[in-house]
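What follows is the content of query_26.json, which has JSON, C-alpha atoms:
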[["chain", "number", "residue", "atom", "x", "y", "z"],
["A", 220, "MET", "CA", 64.80, -14.74, -13.72],
["A", 221, "SER", "CA", 65.23, -18.46, -13.19],
["A", 222, "PHE", "CA", 63.37, -20.74, -10.78],
["A", 223, "LEU", "CA", 66.51, -20.92, -8.61],
["A", 224, "ASP", "CA", 66.60, -17.11, -8.38],
["A", 225, "ILE", "CA", 62.93, -17.00, -7.36],
["A", 226, "GLU", "CA", 63.34, -19.85, -4.87],
["A", 227, "GLY", "CA", 66.52, -18.30, -3.44],
["A", 228, "ASP", "CA", 64.74, -14.95, -3.01],
["A", 229, "PHE", "CA", 61.88, -16.71, -1.21],
["A", 230, "ILE", "CA", 64.24, -18.51, 1.18],
["A", 231, "ARG", "CA", 66.19, -15.29, 1.86],
["A", 232, "GLY", "CA", 62.96, -13.36, 2.47],
["A", 233, "LYS", "CA", 61.18, -15.93, 4.64],
["A", 234, "VAL", "CA", 63.81, -18.15, 6.23],
["A", 235, "LEU", "CA", 67.50, -17.19, 6.04],
["A", 236, "PRO", "CA", 68.51, -13.65, 5.06],
["A", 237, "ASP", "CA", 72.05, -14.76, 4.10],
["A", 238, "PHE", "CA", 70.99, -17.86, 2.12],
["A", 239, "SER", "CA", 72.89, -18.77, -1.03],
["A", 240, "TRP", "CA", 72.86, -21.94, -3.10],
["A", 241, "VAL", "CA", 75.74, -24.35, -2.59],
["A", 242, "SER", "CA", 77.61, -24.88, -5.81],
["A", 243, "PHE", "CA", 80.71, -26.73, -6.88],
["A", 244, "GLU", "CA", 83.28, -25.62, -9.44],
["A", 245, "GLU", "CA", 83.81, -29.08, -10.93],
["A", 246, "PRO", "CA", 81.30, -31.86, -11.52],
["A", 247, "THR", "CA", 81.80, -35.19, -9.82],
["A", 248, "GLU", "CA", 83.87, -37.61, -11.87],
["A", 249, "PRO", "CA", 81.70, -40.22, -13.63],
["A", 250, "ASN", "CA", 81.84, -43.66, -12.11],
["A", 251, "ARG", "CA", 81.09, -46.35, -14.67],
["A", 252, "LEU", "CA", 79.17, -49.44, -13.68],
["A", 253, "ALA", "CA", 81.30, -52.56, -13.42],
["A", 254, "LYS", "CA", 78.50, -54.74, -14.77],
["A", 255, "PRO", "CA", 75.27, -54.42, -16.76],
["A", 256, "VAL", "CA", 72.26, -52.87, -15.00],
["A", 257, "SER", "CA", 70.48, -56.21, -15.39],
["A", 258, "GLN", "CA", 73.01, -57.65, -12.91],
["A", 259, "CYS", "CA", 73.13, -54.72, -10.49],
["A", 260, "ARG", "CA", 71.81, -54.43, -6.96],
["A", 261, "VAL", "CA", 69.96, -51.09, -6.97],
["A", 262, "ALA", "CA", 69.03, -48.81, -4.08],
["A", 263, "LEU", "CA", 66.99, -45.63, -3.96],
["A", 264, "VAL", "CA", 68.02, -42.43, -2.23],
["A", 265, "THR", "CA", 65.03, -40.11, -2.08],
["A", 266, "THR", "CA", 64.59, -36.54, -0.86],
["A", 267, "SER", "CA", 60.86, -37.07, -0.33],
["A", 268, "GLY", "CA", 60.96, -37.17, 3.47],
["A", 269, "ALA", "CA", 59.76, -40.79, 3.54],
["A", 270, "CYS", "CA", 59.75, -42.40, 6.97],
["A", 271, "ILE", "CA", 58.04, -45.16, 8.95],
["A", 272, "PRO", "CA", 56.26, -43.36, 11.84],
["A", 273, "ALA", "CA", 55.60, -46.57, 13.78],
["A", 274, "SER", "CA", 59.35, -47.03, 14.33],
["A", 275, "GLN", "CA", 61.01, -43.78, 13.22],
["A", 276, "GLU", "CA", 60.77, -40.11, 14.06],
["A", 277, "ARG", "CA", 59.25, -38.00, 11.29],
["A", 278, "PHE", "CA", 61.47, -35.43, 9.61],
["A", 279, "ASP", "CA", 61.36, -32.02, 11.29],
["A", 280, "THR", "CA", 59.40, -29.83, 8.87],
["A", 281, "LYS", "CA", 59.20, -26.88, 11.29],
["A", 282, "ASN", "CA", 62.95, -26.23, 11.62],
["A", 283, "ARG", "CA", 63.88, -23.24, 9.46],
["A", 284, "LEU", "CA", 67.25, -24.91, 8.82],
["A", 285, "GLY", "CA", 65.60, -28.09, 7.58],
["A", 286, "ASP", "CA", 66.43, -31.60, 8.74],
["A", 287, "ASP", "CA", 69.75, -33.05, 7.55],
["A", 288, "THR", "CA", 69.17, -36.55, 8.97],
["A", 289, "PHE", "CA", 68.12, -39.63, 7.02],
["A", 290, "ARG", "CA", 65.79, -42.59, 7.47],
["A", 291, "VAL", "CA", 66.31, -46.20, 6.42],
["A", 292, "ILE", "CA", 63.34, -47.73, 4.60],
["A", 293, "PRO", "CA", 63.62, -51.53, 4.34],
["A", 294, "ASN", "CA", 62.75, -52.86, 0.91],
["A", 295, "GLY", "CA", 59.31, -54.44, 0.91],
["A", 296, "THR", "CA", 57.89, -52.15, 3.59],
["A", 297, "ASP", "CA", 54.12, -51.97, 3.22],
["A", 298, "PRO", "CA", 53.28, -48.65, 1.50],
["A", 299, "GLY", "CA", 50.64, -47.98, 4.15],
["A", 300, "GLU", "CA", 53.38, -47.87, 6.79],
["A", 301, "ILE", "CA", 55.28, -45.10, 4.99],
["A", 302, "ALA", "CA", 54.57, -41.43, 5.67],
["A", 303, "LEU", "CA", 55.98, -38.37, 3.94],
["A", 304, "ALA", "CA", 57.18, -35.29, 5.83],
["A", 305, "HIS", "CA", 58.41, -32.38, 3.72],
["A", 306, "PRO", "CA", 57.66, -28.64, 3.77],
["A", 307, "GLY", "CA", 58.28, -28.14, 0.04],
["A", 308, "TYR", "CA", 55.48, -30.09, -1.66],
["A", 309, "ASP", "CA", 51.99, -31.51, -1.09],
["A", 310, "THR", "CA", 52.82, -34.82, 0.57],
["A", 311, "ARG", "CA", 49.14, -35.86, 0.62],
["A", 312, "ARG", "CA", 49.02, -36.01, -3.17],
["A", 313, "ALA", "CA", 52.35, -37.82, -3.39],
["A", 314, "LYS", "CA", 51.17, -40.37, -0.81],
["A", 315, "GLU", "CA", 48.34, -41.31, -3.20],
["A", 316, "ASP", "CA", 51.01, -42.61, -5.59],
["A", 317, "LEU", "CA", 54.13, -43.20, -3.51],
["A", 318, "ASP", "CA", 56.11, -44.26, -6.59],
["A", 319, "THR", "CA", 56.12, -40.60, -7.74],
["A", 320, "VAL", "CA", 58.56, -39.68, -4.95],
["A", 321, "PHE", "CA", 59.81, -43.05, -3.66],
["A", 322, "PRO", "CA", 59.52, -45.68, -6.43],
["A", 323, "TYR", "CA", 60.62, -48.75, -4.46],
["A", 324, "GLN", "CA", 57.56, -50.72, -5.62],
["A", 325, "LEU", "CA", 58.47, -49.95, -9.24],
["A", 326, "LEU", "CA", 62.06, -50.95, -8.52],
["A", 327, "ASN", "CA", 60.85, -54.34, -7.29],
["A", 328, "LYS", "CA", 58.79, -54.78, -10.47],
["A", 329, "LEU", "CA", 61.92, -54.05, -12.52],
["A", 330, "ALA", "CA", 63.77, -56.71, -10.52],
["A", 331, "ALA", "CA", 60.95, -59.22, -11.14],
["A", 332, "GLN", "CA", 61.16, -58.43, -14.87],
["A", 333, "ARG", "CA", 64.96, -58.82, -14.69],
["A", 334, "VAL", "CA", 65.57, -55.28, -15.92],
["A", 335, "ILE", "CA", 67.77, -54.87, -12.83],
["A", 336, "GLY", "CA", 69.54, -57.60, -10.92],
["A", 337, "GLU", "CA", 67.75, -56.96, -7.61],
["A", 338, "ALA", "CA", 66.51, -54.24, -5.32],
["A", 339, "ALA", "CA", 68.74, -53.50, -2.35],
["A", 340, "PRO", "CA", 67.56, -54.65, 1.08],
["A", 341, "ARG", "CA", 67.13, -51.05, 2.23],
["A", 342, "HIS", "CA", 66.66, -47.61, 0.75],
["A", 343, "PHE", "CA", 67.42, -44.18, 2.19],
["A", 344, "SER", "CA", 65.32, -41.08, 2.61],
["A", 345, "PHE", "CA", 66.27, -37.48, 3.26],
["A", 346, "MET", "CA", 64.11, -34.39, 3.47],
["A", 347, "GLY", "CA", 65.02, -32.21, 0.52],
["A", 348, "PHE", "CA", 64.85, -28.85, 2.31],
["A", 349, "VAL", "CA", 68.28, -28.33, 3.90],
["A", 350, "PRO", "CA", 69.42, -24.72, 3.30],
["A", 351, "ARG", "CA", 72.57, -25.25, 5.40],
["A", 352, "PRO", "CA", 73.86, -28.55, 3.92],
["A", 353, "GLU", "CA", 77.27, -28.79, 5.60],
["A", 354, "ARG", "CA", 76.27, -31.51, 8.09],
["A", 355, "LEU", "CA", 74.40, -33.37, 5.37],
["A", 356, "ILE", "CA", 77.46, -33.26, 3.09],
["A", 357, "TRP", "CA", 80.04, -34.15, 5.74],
["A", 358, "ARG", "CA", 78.06, -36.43, 8.08],
["A", 359, "SER", "CA", 74.75, -37.86, 6.82],
["A", 360, "ALA", "CA", 75.67, -38.48, 3.17],
["A", 361, "PRO", "CA", 78.91, -40.34, 4.01],
["A", 362, "GLN", "CA", 77.00, -42.49, 6.52],
["A", 363, "VAL", "CA", 74.51, -43.44, 3.81],
["A", 364, "GLY", "CA", 77.38, -44.10, 1.41],
["A", 365, "ARG", "CA", 78.91, -46.55, 3.87],
["A", 366, "LEU", "CA", 75.55, -48.29, 4.36],
["A", 367, "LEU", "CA", 75.10, -48.59, 0.60],
["A", 368, "MET", "CA", 78.53, -50.20, 0.37],
["A", 369, "GLU", "CA", 77.69, -52.58, 3.24],
["A", 370, "ASP", "CA", 74.61, -53.64, 1.26],
["A", 371, "GLY", "CA", 76.68, -54.37, -1.84],
["A", 372, "VAL", "CA", 74.82, -51.75, -3.88],
["A", 373, "ASP", "CA", 76.10, -51.34, -7.43],
["A", 374, "LEU", "CA", 73.82, -48.46, -8.40],
["A", 375, "ALA", "CA", 72.03, -45.86, -6.26],
["A", 376, "ILE", "CA", 69.31, -43.83, -7.92],
["A", 377, "LEU", "CA", 68.66, -40.36, -6.52],
["A", 378, "VAL", "CA", 64.96, -39.48, -6.58],
["A", 379, "PRO", "CA", 64.54, -35.74, -5.93],
["A", 380, "SER", "CA", 61.23, -34.47, -4.62]]
Once more with this new file: its structure as C-alpha cells, please.
Amino acid sequence: MSFLDIEGDFIRGKVLPDFSWVSFEEPTEPNRLAKPVSQCRVALVTTSGACIPASQERFDTKNRLGDDTFRVIPNGTDPGEIALAHPGYDTRRAKEDLDTVFPYQLLNKLAAQRVIGEAAPRHFSFMGFVPRPERLIWRSAPQVGRLLMEDGVDLAILVPS
C-alpha cells in the first residue's frame, strides 16, 4: 500500500467519505525557459500556508474542505511577520527555519550570488490541504498565473509542504 493509498483512506475515513485523488491523463507540456536561469526573475509558489497576519487573514485550517484561496507575500517581508497555517504538518517546527517551506530568503541569496537574475517582487502561498480542488484549479491558480505574468516572472518554483 502506498502513502497515497494510506492518506486517501485517512481523508475518506475522517473528512470526506467520497474523496478521491485528482489525476490527469496527460502530463503538462514542458515549457522551456527563454533565457538562462542566471537571467531569470524567479518567484515562489508555496503550499505551506504562509501568510502575514498583521495584514492578511490566516488560512482556514478548520474547514474540512480546506482553503483554496492564496496569499501574496511581498519579497523581503521580515520573517518574523510571516505565520504558517496548515493542518497537515507541524508549522511550529517549520517556522523555526522558514526556508524549509518558504525559501524566499534563500532565493534572495541566490540572486545576490547571481545564480538567478532576481527574485520576483512577490511570492504566492496556498494551503496544501484542498481535497476539493476545482475552485483552486479554475479560479485561484489562474489568478496567481496572471499575477506572475504581471510581475514578469520567468520561472516559478513550486515548494510543496
Review point. Smallest atom-to-atom distance to Lys254 in chain A: which of A:Val349, A:Leu355, A:Ile335, A:Ile292, using all atoms listed in the file?
Key: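 Closest to Lys254 in chain A of all the choices is A:Ile335.
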Exercise for review: Tell me which of A:Phe345, A:Lys314, A:Pro340, A:Ala330 sits closest to Thr296 in chain A, counting all atoms listed in the file.
Suggested key: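 Checking each of A:Phe345, A:Lys314, A:Pro340, A:Ala330 against Thr296 in chain A, counting all atoms listed in the file, the winner is A:Pro340.
Of the residues under consideration (A:Leu325, A:Asp309, A:Asp370, A:Ser344), A:Ser344 shows the shortest atom-to-atom contact distance to Arg277 in chain A when counting all atoms listed in the file.
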**Study point:** Residues within 6 Å of range 297-305 of chain A, all atoms listed in the file, excluding chain neighbours under 3 positions, as a PyMOL selection string
**Key:** chain A and resi 268-271+278+280+310
Check your understanding: Suppose you want the space between CA of Leu284 in chain A and CA of Phe348 in chain A; what is it in Å?
Key -> 8.0 Å
Exercise for review: Measuring atom to atom with only C-alpha atoms, identify which of A:Val378, A:Cys259, A:Val291, A:Met346 is nearest to Leu317 in chain A.
Suggested key: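 Checking each of A:Val378, A:Cys259, A:Val291, A:Met346 against Leu317 in chain A, counting only C-alpha atoms, the winner is A:Val378.
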Exercise for review: Pick out the closest residue to Pro379 in chain A from this set: A:Phe321, A:Phe243, A:Phe289, A:Phe343. Count all atoms listed in the file.
Suggested key: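 Closest candidate: A:Phe321.
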Check your understanding: Between A:Arg358, A:Arg260, A:Arg311, A:Lys281, which one has atoms that come closest to Asn327 in chain A, using only C-alpha atoms?
Key ->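 For Asn327 in chain A, the nearest of the given residues is A:Arg260.
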